[in-house]
Amino acid sequence: MLNIVLFGPPGAGKGTQAEKLLKKYELIHLSTGDILRGEICAETPLGIEAKKSMDKGELVADEVVIAMMEAKIDANKEAKGFIFDGFPRTTAQAEALGEMLHEKGTNITCMLALFVDDDELIKRLLLRGKDSGRADDQDQSVIENRISVYNKETAPVIDFYDTQNKYISIDGVGSIDEIFARLCVAIDQLI
Ligand code: B4P
């Protein structure tokens with residue numbers, strides 16, 4: 001199986017690139033952000049609880065996200081592989097994902113980490129906020145909090161995969177097609 005962790009700060013282009021990668025490599029796209037927004041839309045108890053954290057730019061509790069992802073992996077037993085977009089976002093999530101995949105006889109192939117400077121991230125997210133309707137994209141202080149949460153809680157996940165020799169850094173600035181080409185070169189060297 002080809003199992004990719006697509007990683008990067010908020011607005012780095014994870015969701016954008018995941019859409020293109022899943023078509024080329026025939027993978028199942030699991031975006032925790034999209035799944036959580038689906039729960040909010042459906043007004044489920046999980047969604048109502050998650051919204052409180054997401055609107056402030058904070059992370060949703062590890063146990064909630066881990067259980068949610070395990071159910072999604074189990075529901076896609078025939079998958080050729082997965083793109084994990086926005087997950088894992090903490091070292092605890094990375095450890096749990098490793099155990100889940102190990103139990104299913106597979107593991108993470110690589111972490112592709114997109115790097116984009118903070119000014120560009122803020123610009124992209126405010127632009128998306130104009131028509132996305134996402135509360136977390138509309139307020140610059142919430143965006144800055146998301147970036148700060150990323151630096152504190154999420155960036156350490158790089159070390160987790162680096163020690164396993166699975167970490168690959170990718171320049172996330174440029175056109176969407178240029179960045180896609182960089183990601184494909186990295187993946188094609190592994191398969
Ligand atoms: P996510 O939905 O994962 O959202 P995101 O990181 O903000 O960005 P995304 O990846 O979707 O956007 P993209 O960069 O593609 O998370 C939202 C919230 O959910 C989190 O803050 C947290 O509260 C919660 N959550 C999610 N996962 C969690 C987890 N595992 N644990 C706990 N909580 C979790 O694109 C951004 C914009 O840039 C777009 O408008 C796009 O068009 C534009 N763009 C993309 N590439 C570009 C390029 N090359 N040039 C110019 N613009 C570009």
# chains A, B, ... in the order shown; residues from 1 in each chain; ligands from 1
>>> closest_atom_pairs(of="chain A", to="ligand 1", cutoff="6 Å", atoms="only C-alpha atoms and all ligand atoms", output="Markdown table")
| residue | atom | partner | partner_atom_place_in_ligand_line | distance |
| --- | --- | --- | --- | --- |
| A:Pro9 | CA | ligand 1 | 6 (O) | 5.9 |
| A:Pro10 | CA | ligand 1 | 6 (O) | 3.4 |
| A:Gly11 | CA | ligand 1 | 14 (O) | 3.2 |
| A:Ala12 | CA | ligand 1 | 14 (O) | 3.9 |
| A:Gly13 | CA | ligand 1 | 14 (O) | 3.1 |
| A:Lys14 | CA | ligand 1 | 10 (O) | 3.9 |
| A:Gly15 | CA | ligand 1 | 15 (O) | 3.5 |
| A:Thr16 | CA | ligand 1 | 15 (O) | 4.0 |
| A:Thr32 | CA | ligand 1 | 27 (N) | 4.3 |
| A:Gly33 | CA | ligand 1 | 2 (O) | 3.2 |
| A:Asp34 | CA | ligand 1 | 2 (O) | 5.5 |
| A:Ser53 | CA | ligand 1 | 23 (O) | 5.7 |
| A:Met54 | CA | ligand 1 | 23 (O) | 3.6 |
| A:Gly57 | CA | ligand 1 | 21 (O) | 4.8 |
| A:Glu58 | CA | ligand 1 | 23 (O) | 4.9 |
| A:Leu59 | CA | ligand 1 | 33 (N) | 3.7 |
| A:Val60 | CA | ligand 1 | 33 (N) | 3.9 |
| A:Val65 | CA | ligand 1 | 31 (N) | 5.7 |
| A:Gly86 | CA | ligand 1 | 3 (O) | 4.3 |
| A:Phe87 | CA | ligand 1 | 30 (N) | 4.0 |
| A:Pro88 | CA | ligand 1 | 30 (N) | 5.0 |
| A:Arg89 | CA | ligand 1 | 30 (N) | 4.6 |
| A:Arg124 | CA | ligand 1 | 38 (O) | 4.6 |
| A:Leu125 | CA | ligand 1 | 37 (C) | 5.3 |
| A:Arg128 | CA | ligand 1 | 40 (O) | 4.3 |
| A:Arg146 | CA | ligand 1 | 21 (O) | 5.8 |
| A:Val173 | CA | ligand 1 | 49 (N) | 5.7 |
| A:Gly174 | CA | ligand 1 | 49 (N) | 5.1 |
| A:Ser175 | CA | ligand 1 | 49 (N) | 4.6 |
| A:Ile176 | CA | ligand 1 | 49 (N) | 4.1 |
>>> residues_around(residues="Ile191 of chain A", least_positions_apart="3", cutoff="12 Å", atoms="only C-alpha atoms", output="MDAnalysis selection string")
chainID A and resid 1:4 25 109:110 184:188
>>> closest_residue(among="A:Ala94, A:Leu6, A:Ala67, A:Ala50", to="Glu153 of chain A", atoms="only C-alpha atoms")
A:Ala94
>>> select_by_dssp(residues="segment 84-132 of chain A", states="strand (DSSP E)", output="list in words")
Phe84, Asp85, Cys110, Met111, Leu112, Ala113, Leu114 and Phe115 of chain A
>>> closest_residue(among="A:Lys77, A:Gln164, A:Asp85, A:Lys56", to="Val149 of chain A", atoms="only C-alpha atoms")
A:Lys56
>>> atom_distance(atom1="atom CA of Glu26 of chain A", atom2="atom CA of Ile83 of chain A")
9.8 Å
>>> residues_around(residues="Leu114 of chain A", least_positions_apart="4", cutoff="6 Å", atoms="only C-alpha atoms", output="ChimeraX atom specification")
/A:8,170-172
>>> write_last_selection(atoms="all heavy atoms", output="short mmCIF file (atom, residue, chain, number, x, y, z; two decimals), in the first residue's frame")
data_model
loop_
_atom_site.label_atom_id
_atom_site.label_comp_id
_atom_site.auth_asym_id
_atom_site.auth_seq_id
_atom_site.Cartn_x
_atom_site.Cartn_y
_atom_site.Cartn_z
N GLY A 8 1.82 19.92 6.74
CA GLY A 8 2.18 21.32 6.55
C GLY A 8 1.31 22.20 7.42
O GLY A 8 0.27 21.75 7.93
N ILE A 170 9.14 19.55 1.10
CA ILE A 170 8.78 20.02 -0.24
C ILE A 170 8.53 21.54 -0.17
O ILE A 170 7.79 21.99 0.72
CB ILE A 170 7.47 19.33 -0.73
CG1 ILE A 170 7.58 17.79 -0.69
CG2 ILE A 170 7.02 19.86 -2.10
CD1 ILE A 170 8.35 17.14 -1.81
N ASP A 171 9.10 22.29 -1.11
CA ASP A 171 8.84 23.73 -1.17
C ASP A 171 7.37 23.92 -1.58
O ASP A 171 6.97 23.47 -2.66
CB ASP A 171 9.80 24.33 -2.21
CG ASP A 171 9.61 25.83 -2.38
OD1 ASP A 171 8.75 26.41 -1.68
OD2 ASP A 171 10.33 26.41 -3.21
N GLY A 172 6.59 24.57 -0.72
CA GLY A 172 5.15 24.73 -0.97
C GLY A 172 4.79 26.07 -1.57
O GLY A 172 3.62 26.45 -1.58
#
>>> atom_distance(atom1="atom CA of Glu70 of chain A", atom2="atom CA of Lys104 of chain A")
10.9 Å
>>> select_by_dssp(residues="segment 31-145 of chain A", states="helix (DSSP H, G or I)", output="VMD selection string")
chain A and resid 32 to 41 45 to 56 62 to 74 91 to 103 118 to 132 135 to 137 140 to 145
